[in-house]
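See below for the structure under consideration.
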Amino acid sequence: QVQLVESGGGLVQAGGSLRLSCQASGRTFSNYAMGWFRQAPGKEREFVAAISRSSGSTYYEDSVKGRFTISRDNARNTVYLQMNSLKPEDTAVYYCAAVQARYSVAYYREDDYSDWGQGTQVTVSS
């Protein structure tokens, strides 16, 4: 099991930017594919972005393509989500997730992930 701690959330105006970080500990980080999900009030949790073990593959939900970028630093055991051109509809709790992966692929299904962080709130004002 890997422990995940998100940070970097906050309040930002529409059009602004935030960078979320997720620090992992407990296992060999480079063996894990990573993902970001979010849950808005009254809605189900949804996929945002994913990255493979070696950063060779990334995958994005359509509404964030071109605005969000997922990246990772295996030396720092950290995955990032750079969020630009934020919109009020991006307001949600953002969760980091991990899955031990034999191959370097990116996973977009919530059920694929075994470990989750506690989440960080992102609020975008109009």
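Identifiers for the structure tokens are assigned positionally: chains receive A, B, ... in sequence, residues are indexed from 1 per chain, and ligands are indexed from 1 in the order shown.
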
Please provide as a PDB file with N, CA and C atoms, in the first residue's frame all residues within 8 Å of Tyr95 in chain A, with the sequence filter that same-chain residues fewer than 5 positions apart are discarded (counting only C-alpha atoms).
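Below you can see part.pdb, which holds the result:
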```pdb
ATOM      1  N   GLU A   6      -2.209  14.912  -0.784  1.00  0.00           N
ATOM      2  CA  GLU A   6      -2.364  15.987  -1.760  1.00  0.00           C
ATOM      3  C   GLU A   6      -2.152  17.353  -1.103  1.00  0.00           C
ATOM      4  N   TRP A  36      -5.432  11.453 -11.213  1.00  0.00           N
ATOM      5  CA  TRP A  36      -6.165  12.495 -10.481  1.00  0.00           C
ATOM      6  C   TRP A  36      -7.651  12.352 -10.803  1.00  0.00           C
ATOM      7  N   PHE A  37      -8.440  12.431  -9.767  1.00  0.00           N
ATOM      8  CA  PHE A  37      -9.889  12.407  -9.895  1.00  0.00           C
ATOM      9  C   PHE A  37     -10.446  13.612  -9.144  1.00  0.00           C
ATOM     10  N   ARG A  38     -11.718  13.916  -9.371  1.00  0.00           N
ATOM     11  CA  ARG A  38     -12.342  15.018  -8.638  1.00  0.00           C
ATOM     12  C   ARG A  38     -13.802  14.713  -8.363  1.00  0.00           C
ATOM     13  N   TRP A 116      -5.713   5.776  -2.359  1.00  0.00           N
ATOM     14  CA  TRP A 116      -6.268   7.111  -2.551  1.00  0.00           C
ATOM     15  C   TRP A 116      -5.797   8.059  -1.459  1.00  0.00           C
ATOM     16  N   GLY A 117      -5.638   9.320  -1.839  1.00  0.00           N
ATOM     17  CA  GLY A 117      -5.371  10.355  -0.851  1.00  0.00           C
ATOM     18  C   GLY A 117      -6.666  10.884  -0.262  1.00  0.00           C
ATOM     19  N   GLN A 118      -6.520  11.849   0.642  1.00  0.00           N
ATOM     20  CA  GLN A 118      -7.674  12.410   1.338  1.00  0.00           C
ATOM     21  C   GLN A 118      -8.352  13.533   0.552  1.00  0.00           C
ATOM     22  N   GLY A 119      -7.669  14.056  -0.422  1.00  0.00           N
ATOM     23  CA  GLY A 119      -8.259  15.091  -1.264  1.00  0.00           C
ATOM     24  C   GLY A 119      -7.851  16.491  -0.868  1.00  0.00           C
ATOM     25  N   THR A 120      -7.904  17.391  -1.839  1.00  0.00           N
ATOM     26  CA  THR A 120      -7.632  18.804  -1.600  1.00  0.00           C
ATOM     27  C   THR A 120      -8.689  19.620  -2.346  1.00  0.00           C
TER      28      THR A 120
END
```

Give me, as a PDB file with all heavy atoms, in the first residue's frame, all polymer residues having an atom no more than 9 Å from Ala49 in chain A, counting only C-alpha atoms and skipping those fewer than 4 positions away in the same chain.
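And here's result.pdb as it stands now:
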```pdb
ATOM      1  N   MET A  34      -0.297   6.608 -11.783  1.00  0.00           N
ATOM      2  CA  MET A  34      -0.953   7.602 -10.934  1.00  0.00           C
ATOM      3  C   MET A  34      -2.100   8.291 -11.677  1.00  0.00           C
ATOM      4  O   MET A  34      -2.079   8.419 -12.909  1.00  0.00           O
ATOM      5  CB  MET A  34       0.055   8.662 -10.488  1.00  0.00           C
ATOM      6  CG  MET A  34       1.260   8.117  -9.746  1.00  0.00           C
ATOM      7  SD  MET A  34       0.818   7.333  -8.189  1.00  0.00           S
ATOM      8  CE  MET A  34       0.184   8.740  -7.264  1.00  0.00           C
ATOM      9  N   GLY A  35      -3.049   8.745 -10.901  1.00  0.00           N
ATOM     10  CA  GLY A  35      -4.181   9.446 -11.503  1.00  0.00           C
ATOM     11  C   GLY A  35      -4.715  10.542 -10.605  1.00  0.00           C
ATOM     12  O   GLY A  35      -4.437  10.556  -9.398  1.00  0.00           O
ATOM     13  N   TRP A  36      -5.432  11.453 -11.213  1.00  0.00           N
ATOM     14  CA  TRP A  36      -6.165  12.495 -10.481  1.00  0.00           C
ATOM     15  C   TRP A  36      -7.651  12.352 -10.803  1.00  0.00           C
ATOM     16  O   TRP A  36      -8.031  12.179 -11.978  1.00  0.00           O
ATOM     17  CB  TRP A  36      -5.700  13.897 -10.885  1.00  0.00           C
ATOM     18  CG  TRP A  36      -4.361  14.286 -10.346  1.00  0.00           C
ATOM     19  CD1 TRP A  36      -3.163  14.204 -10.988  1.00  0.00           C
ATOM     20  CD2 TRP A  36      -4.091  14.835  -9.047  1.00  0.00           C
ATOM     21  NE1 TRP A  36      -2.162  14.664 -10.174  1.00  0.00           N
ATOM     22  CE2 TRP A  36      -2.709  15.070  -8.981  1.00  0.00           C
ATOM     23  CE3 TRP A  36      -4.886  15.165  -7.940  1.00  0.00           C
ATOM     24  CZ2 TRP A  36      -2.082  15.600  -7.848  1.00  0.00           C
ATOM     25  CZ3 TRP A  36      -4.272  15.696  -6.830  1.00  0.00           C
ATOM     26  CH2 TRP A  36      -2.890  15.915  -6.780  1.00  0.00           C
ATOM     27  N   PHE A  37      -8.440  12.431  -9.767  1.00  0.00           N
ATOM     28  CA  PHE A  37      -9.889  12.407  -9.895  1.00  0.00           C
ATOM     29  C   PHE A  37     -10.446  13.612  -9.144  1.00  0.00           C
ATOM     30  O   PHE A  37      -9.736  14.240  -8.367  1.00  0.00           O
ATOM     31  CB  PHE A  37     -10.461  11.111  -9.296  1.00  0.00           C
ATOM     32  CG  PHE A  37     -10.123   9.884 -10.082  1.00  0.00           C
ATOM     33  CD1 PHE A  37      -8.844   9.332 -10.035  1.00  0.00           C
ATOM     34  CD2 PHE A  37     -11.061   9.261 -10.887  1.00  0.00           C
ATOM     35  CE1 PHE A  37      -8.519   8.197 -10.765  1.00  0.00           C
ATOM     36  CE2 PHE A  37     -10.755   8.128 -11.621  1.00  0.00           C
ATOM     37  CZ  PHE A  37      -9.478   7.604 -11.557  1.00  0.00           C
ATOM     38  N   THR A  58       0.073   9.490 -21.017  1.00  0.00           N
ATOM     39  CA  THR A  58      -0.846  10.316 -20.228  1.00  0.00           C
ATOM     40  C   THR A  58      -2.224  10.242 -20.857  1.00  0.00           C
ATOM     41  O   THR A  58      -2.372   9.915 -22.047  1.00  0.00           O
ATOM     42  CB  THR A  58      -0.393  11.783 -20.153  1.00  0.00           C
ATOM     43  OG1 THR A  58      -0.265  12.307 -21.478  1.00  0.00           O
ATOM     44  CG2 THR A  58       0.928  11.916 -19.422  1.00  0.00           C
ATOM     45  N   TYR A  59      -3.228  10.549 -20.033  1.00  0.00           N
ATOM     46  CA  TYR A  59      -4.607  10.455 -20.513  1.00  0.00           C
ATOM     47  C   TYR A  59      -5.417  11.512 -19.780  1.00  0.00           C
ATOM     48  O   TYR A  59      -5.218  11.710 -18.575  1.00  0.00           O
ATOM     49  CB  TYR A  59      -5.143   9.063 -20.215  1.00  0.00           C
ATOM     50  CG  TYR A  59      -6.424   8.721 -20.928  1.00  0.00           C
ATOM     51  CD1 TYR A  59      -6.435   8.402 -22.276  1.00  0.00           C
ATOM     52  CD2 TYR A  59      -7.632   8.693 -20.244  1.00  0.00           C
ATOM     53  CE1 TYR A  59      -7.605   8.088 -22.932  1.00  0.00           C
ATOM     54  CE2 TYR A  59      -8.818   8.382 -20.880  1.00  0.00           C
ATOM     55  CZ  TYR A  59      -8.793   8.070 -22.228  1.00  0.00           C
ATOM     56  OH  TYR A  59      -9.964   7.765 -22.872  1.00  0.00           O
ATOM     57  N   TYR A  60      -6.312  12.190 -20.500  1.00  0.00           N
ATOM     58  CA  TYR A  60      -7.075  13.289 -19.904  1.00  0.00           C
ATOM     59  C   TYR A  60      -8.560  13.155 -20.204  1.00  0.00           C
ATOM     60  O   TYR A  60      -8.963  12.685 -21.272  1.00  0.00           O
ATOM     61  CB  TYR A  60      -6.595  14.633 -20.464  1.00  0.00           C
ATOM     62  CG  TYR A  60      -5.172  14.970 -20.112  1.00  0.00           C
ATOM     63  CD1 TYR A  60      -4.131  14.638 -20.964  1.00  0.00           C
ATOM     64  CD2 TYR A  60      -4.869  15.640 -18.927  1.00  0.00           C
ATOM     65  CE1 TYR A  60      -2.820  14.954 -20.642  1.00  0.00           C
ATOM     66  CE2 TYR A  60      -3.567  15.961 -18.597  1.00  0.00           C
ATOM     67  CZ  TYR A  60      -2.546  15.619 -19.460  1.00  0.00           C
ATOM     68  OH  TYR A  60      -1.246  15.921 -19.140  1.00  0.00           O
ATOM     69  N   GLU A  61      -9.338  13.613 -19.255  1.00  0.00           N
ATOM     70  CA  GLU A  61     -10.770  13.759 -19.494  1.00  0.00           C
ATOM     71  C   GLU A  61     -10.958  14.896 -20.487  1.00  0.00           C
ATOM     72  O   GLU A  61     -10.205  15.878 -20.479  1.00  0.00           O
ATOM     73  CB  GLU A  61     -11.462  14.051 -18.158  1.00  0.00           C
ATOM     74  CG  GLU A  61     -12.969  13.917 -18.179  1.00  0.00           C
ATOM     75  CD  GLU A  61     -13.667  15.189 -18.562  1.00  0.00           C
ATOM     76  OE1 GLU A  61     -13.107  16.267 -18.250  1.00  0.00           O
ATOM     77  OE2 GLU A  61     -14.753  15.127 -19.166  1.00  0.00           O
ATOM     78  N   VAL A  64     -10.799  18.788 -19.702  1.00  0.00           N
ATOM     79  CA  VAL A  64      -9.579  19.414 -19.185  1.00  0.00           C
ATOM     80  C   VAL A  64      -8.434  19.378 -20.185  1.00  0.00           C
ATOM     81  O   VAL A  64      -7.375  19.961 -19.927  1.00  0.00           O
ATOM     82  CB  VAL A  64      -9.133  18.768 -17.854  1.00  0.00           C
ATOM     83  CG1 VAL A  64     -10.283  18.740 -16.853  1.00  0.00           C
ATOM     84  CG2 VAL A  64      -8.550  17.384 -18.063  1.00  0.00           C
ATOM     85  N   PHE A  68      -5.178  21.288 -18.453  1.00  0.00           N
ATOM     86  CA  PHE A  68      -4.509  20.609 -17.349  1.00  0.00           C
ATOM     87  C   PHE A  68      -3.354  19.768 -17.889  1.00  0.00           C
ATOM     88  O   PHE A  68      -3.434  19.209 -18.990  1.00  0.00           O
ATOM     89  CB  PHE A  68      -5.469  19.677 -16.614  1.00  0.00           C
ATOM     90  CG  PHE A  68      -6.559  20.367 -15.820  1.00  0.00           C
ATOM     91  CD1 PHE A  68      -6.793  21.726 -15.922  1.00  0.00           C
ATOM     92  CD2 PHE A  68      -7.358  19.640 -14.962  1.00  0.00           C
ATOM     93  CE1 PHE A  68      -7.784  22.355 -15.193  1.00  0.00           C
ATOM     94  CE2 PHE A  68      -8.356  20.247 -14.218  1.00  0.00           C
ATOM     95  CZ  PHE A  68      -8.566  21.605 -14.346  1.00  0.00           C
ATOM     96  N   THR A  69      -2.308  19.650 -17.083  1.00  0.00           N
ATOM     97  CA  THR A  69      -1.168  18.805 -17.430  1.00  0.00           C
ATOM     98  C   THR A  69      -0.771  17.979 -16.224  1.00  0.00           C
ATOM     99  O   THR A  69      -0.505  18.529 -15.144  1.00  0.00           O
ATOM    100  CB  THR A  69       0.031  19.645 -17.891  1.00  0.00           C
ATOM    101  OG1 THR A  69      -0.347  20.451 -19.011  1.00  0.00           O
ATOM    102  CG2 THR A  69       1.191  18.739 -18.299  1.00  0.00           C
ATOM    103  N   ILE A  70      -0.712  16.677 -16.412  1.00  0.00           N
ATOM    104  CA  ILE A  70      -0.243  15.788 -15.354  1.00  0.00           C
ATOM    105  C   ILE A  70       1.219  15.458 -15.610  1.00  0.00           C
ATOM    106  O   ILE A  70       1.638  15.269 -16.758  1.00  0.00           O
ATOM    107  CB  ILE A  70      -1.100  14.501 -15.274  1.00  0.00           C
ATOM    108  CG1 ILE A  70      -0.730  13.679 -14.043  1.00  0.00           C
ATOM    109  CG2 ILE A  70      -0.994  13.681 -16.551  1.00  0.00           C
ATOM    110  CD1 ILE A  70      -1.687  12.515 -13.765  1.00  0.00           C
ATOM    111  N   LEU A  81      -0.452  18.062 -10.856  1.00  0.00           N
ATOM    112  CA  LEU A  81      -1.507  18.415 -11.790  1.00  0.00           C
ATOM    113  C   LEU A  81      -1.486  19.935 -11.947  1.00  0.00           C
ATOM    114  O   LEU A  81      -1.881  20.664 -11.035  1.00  0.00           O
ATOM    115  CB  LEU A  81      -2.883  17.954 -11.310  1.00  0.00           C
ATOM    116  CG  LEU A  81      -4.014  18.181 -12.316  1.00  0.00           C
ATOM    117  CD1 LEU A  81      -3.826  17.268 -13.537  1.00  0.00           C
ATOM    118  CD2 LEU A  81      -5.375  17.918 -11.673  1.00  0.00           C
ATOM    119  N   ALA A 106      -1.368   4.174 -18.659  1.00  0.00           N
ATOM    120  CA  ALA A 106      -2.151   5.103 -17.844  1.00  0.00           C
ATOM    121  C   ALA A 106      -3.563   4.540 -17.682  1.00  0.00           C
ATOM    122  O   ALA A 106      -4.141   4.050 -18.652  1.00  0.00           O
ATOM    123  CB  ALA A 106      -2.202   6.470 -18.499  1.00  0.00           C
ATOM    124  N   TYR A 107      -4.090   4.609 -16.469  1.00  0.00           N
ATOM    125  CA  TYR A 107      -5.400   4.042 -16.164  1.00  0.00           C
ATOM    126  C   TYR A 107      -6.403   5.166 -15.928  1.00  0.00           C
ATOM    127  O   TYR A 107      -6.130   6.104 -15.183  1.00  0.00           O
ATOM    128  CB  TYR A 107      -5.310   3.173 -14.910  1.00  0.00           C
ATOM    129  CG  TYR A 107      -4.423   1.974 -15.063  1.00  0.00           C
ATOM    130  CD1 TYR A 107      -3.058   2.063 -14.810  1.00  0.00           C
ATOM    131  CD2 TYR A 107      -4.938   0.750 -15.457  1.00  0.00           C
ATOM    132  CE1 TYR A 107      -2.239   0.959 -14.950  1.00  0.00           C
ATOM    133  CE2 TYR A 107      -4.120  -0.360 -15.592  1.00  0.00           C
ATOM    134  CZ  TYR A 107      -2.772  -0.243 -15.345  1.00  0.00           C
ATOM    135  OH  TYR A 107      -1.961  -1.335 -15.484  1.00  0.00           O
ATOM    136  N   TYR A 108      -7.591   5.050 -16.532  1.00  0.00           N
ATOM    137  CA  TYR A 108      -8.594   6.098 -16.372  1.00  0.00           C
ATOM    138  C   TYR A 108      -9.813   5.649 -15.580  1.00  0.00           C
ATOM    139  O   TYR A 108     -10.651   6.466 -15.206  1.00  0.00           O
ATOM    140  CB  TYR A 108      -9.038   6.630 -17.731  1.00  0.00           C
ATOM    141  CG  TYR A 108      -9.732   5.623 -18.595  1.00  0.00           C
ATOM    142  CD1 TYR A 108     -11.103   5.455 -18.535  1.00  0.00           C
ATOM    143  CD2 TYR A 108      -9.014   4.820 -19.478  1.00  0.00           C
ATOM    144  CE1 TYR A 108     -11.752   4.530 -19.331  1.00  0.00           C
ATOM    145  CE2 TYR A 108      -9.645   3.891 -20.269  1.00  0.00           C
ATOM    146  CZ  TYR A 108     -11.015   3.743 -20.197  1.00  0.00           C
ATOM    147  OH  TYR A 108     -11.638   2.828 -20.983  1.00  0.00           O
TER     148      TYR A 108
END
```

Interatomic distance (Å, one decimal) between CA of Cys22 in chain A and CA of Gln100 in chain A: 15.9 Å

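You can rank A:Arg102, A:Asn84, A:Thr123, A:Val93 by their closest distance to Ser17 in chain A using only C-alpha atoms, and at the top of that list sits A:Asn84.
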
Excluding same-chain residues fewer than 2 positions from Ala24 in chain A, what lies within 7 Å of it counting only C-alpha atoms, as JSON, numbers by chain? {"A": [2, 3, 4, 5, 22, 29, 77, 78]}

Produce a file of the selected residues containing N, CA and C atoms, as an mmCIF file, in the first residue's frame.
```cif
data_model
loop_
_atom_site.group_PDB
_atom_site.id
_atom_site.type_symbol
_atom_site.label_atom_id
_atom_site.label_comp_id
_atom_site.auth_asym_id
_atom_site.auth_seq_id
_atom_site.Cartn_x
_atom_site.Cartn_y
_atom_site.Cartn_z
ATOM 1 N N VAL A 2 0.474 2.245 -0.737
ATOM 2 C CA VAL A 2 1.202 3.502 -0.785
ATOM 3 C C VAL A 2 0.338 4.586 -0.144
ATOM 4 N N GLN A 3 0.972 5.440 0.632
ATOM 5 C CA GLN A 3 0.262 6.554 1.256
ATOM 6 C C GLN A 3 0.391 7.797 0.372
ATOM 7 N N LEU A 4 -0.714 8.510 0.226
ATOM 8 C CA LEU A 4 -0.760 9.661 -0.675
ATOM 9 C C LEU A 4 -1.280 10.891 0.066
ATOM 10 N N VAL A 5 -0.590 12.006 -0.124
ATOM 11 C CA VAL A 5 -1.007 13.258 0.508
ATOM 12 C C VAL A 5 -1.018 14.353 -0.548
ATOM 13 N N CYS A 22 0.968 15.673 -5.202
ATOM 14 C CA CYS A 22 0.607 14.474 -4.444
ATOM 15 C C CYS A 22 1.902 13.765 -4.084
ATOM 16 N N PHE A 29 7.717 4.264 -5.676
ATOM 17 C CA PHE A 29 6.797 5.116 -6.423
ATOM 18 C C PHE A 29 6.813 4.814 -7.915
ATOM 19 N N ASN A 77 9.102 11.251 -5.645
ATOM 20 C CA ASN A 77 7.895 10.503 -5.275
ATOM 21 C C ASN A 77 6.646 11.377 -5.338
ATOM 22 N N THR A 78 6.558 12.181 -6.357
ATOM 23 C CA THR A 78 5.488 13.166 -6.436
ATOM 24 C C THR A 78 4.858 13.191 -7.831
#
```

Select from chain A everything DSSP, run on the backbone, classes as strand (DSSP E or B), then give the selection as an MDAnalysis selection string. chainID A and resid 3:7 10:13 18:25 32:39 46:51 58:60 68:73 78:83 92:100 115:116 120:125

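Our summary of the geometry notes that CA of Val99 in chain A is positioned 13.0 Å from CA of Val79 in chain A.
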
Contacts of Leu86 in chain A within 6 Å, only C-alpha atoms, excl. fewer than 3 positions in-chain, as a ChimeraX atom specification: /A:14-16

Generate a file of the selected residues that holds all heavy atoms, formatted as a tab-separated table (two decimals), in the first residue's frame.
```
chain	number	residue	atom	x	y	z
A	14	ALA	N	-11.67	32.60	-11.82
A	14	ALA	CA	-11.77	32.00	-13.15
A	14	ALA	C	-10.67	32.55	-14.05
A	14	ALA	O	-10.38	33.75	-14.04
A	14	ALA	CB	-13.14	32.27	-13.75
A	15	GLY	N	-10.06	31.66	-14.82
A	15	GLY	CA	-8.94	32.04	-15.67
A	15	GLY	C	-7.59	31.87	-15.01
A	15	GLY	O	-6.56	31.95	-15.70
A	16	GLY	N	-7.59	31.64	-13.72
A	16	GLY	CA	-6.34	31.49	-12.98
A	16	GLY	C	-5.78	30.09	-13.06
A	16	GLY	O	-6.31	29.22	-13.77
```

Any chance you could list, as a ChimeraX atom specification, the residues in chain A that come up helix (DSSP H, G or I) when DSSP is run on the backbone? /A:29-31,62-64,88-90,110-112

Min atom-atom distance to Tyr94 in chain A from the set A:Gly56, A:Val12, A:Gln121, A:Pro41, counting only C-alpha atoms, belongs to A:Gln121

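Distances here use only C-alpha atoms; by that measure, the residue among A:Leu20, A:Ala33, A:Ala40, A:Val48 closest to Pro88 in chain A is A:Ala40.
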
As a ChimeraX atom specification, please: the residues near Val105 in chain A (cut-off 8 Å, only C-alpha atoms, same-chain neighbours under 4 positions excluded). /A:33,51-53,56-57,101

Using C-alpha atoms, can you write the selected residues to a file as a tab-separated table (two decimals), in the first residue's frame?
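The result, stored in selection.tsv:
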```tsv
chain	number	residue	atom	x	y	z
A	33	ALA	CA	0.68	4.45	-12.29
A	51	ILE	CA	0.04	9.08	-16.07
A	52	SER	CA	1.99	5.88	-16.51
A	53	ARG	CA	4.91	4.71	-14.39
A	56	GLY	CA	5.44	7.75	-21.30
A	57	SER	CA	1.65	7.74	-21.39
A	101	ALA	CA	1.33	-1.45	-12.58
```

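Computed from the coordinates, the CA of Ala75 in chain A to CA of Asn31 in chain A distance equals 12.3 Å.
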
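With only C-alpha atoms as the basis for measurement, A:Asp111 is the residue among A:Asp111, A:Asp62, A:Gln82, A:Val122 that approaches Ala98 in chain A most closely.
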
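Using only C-alpha atoms, the nearest neighbour of Lys43 in chain A within the list A:Glu89, A:Gly9, A:Arg27, A:Ser71 is A:Glu89.
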
Best match for closeness to Ser54 in chain A among A:Ser21, A:Gln13, A:Ser104, A:Ser125, counting only C-alpha atoms: A:Ser104
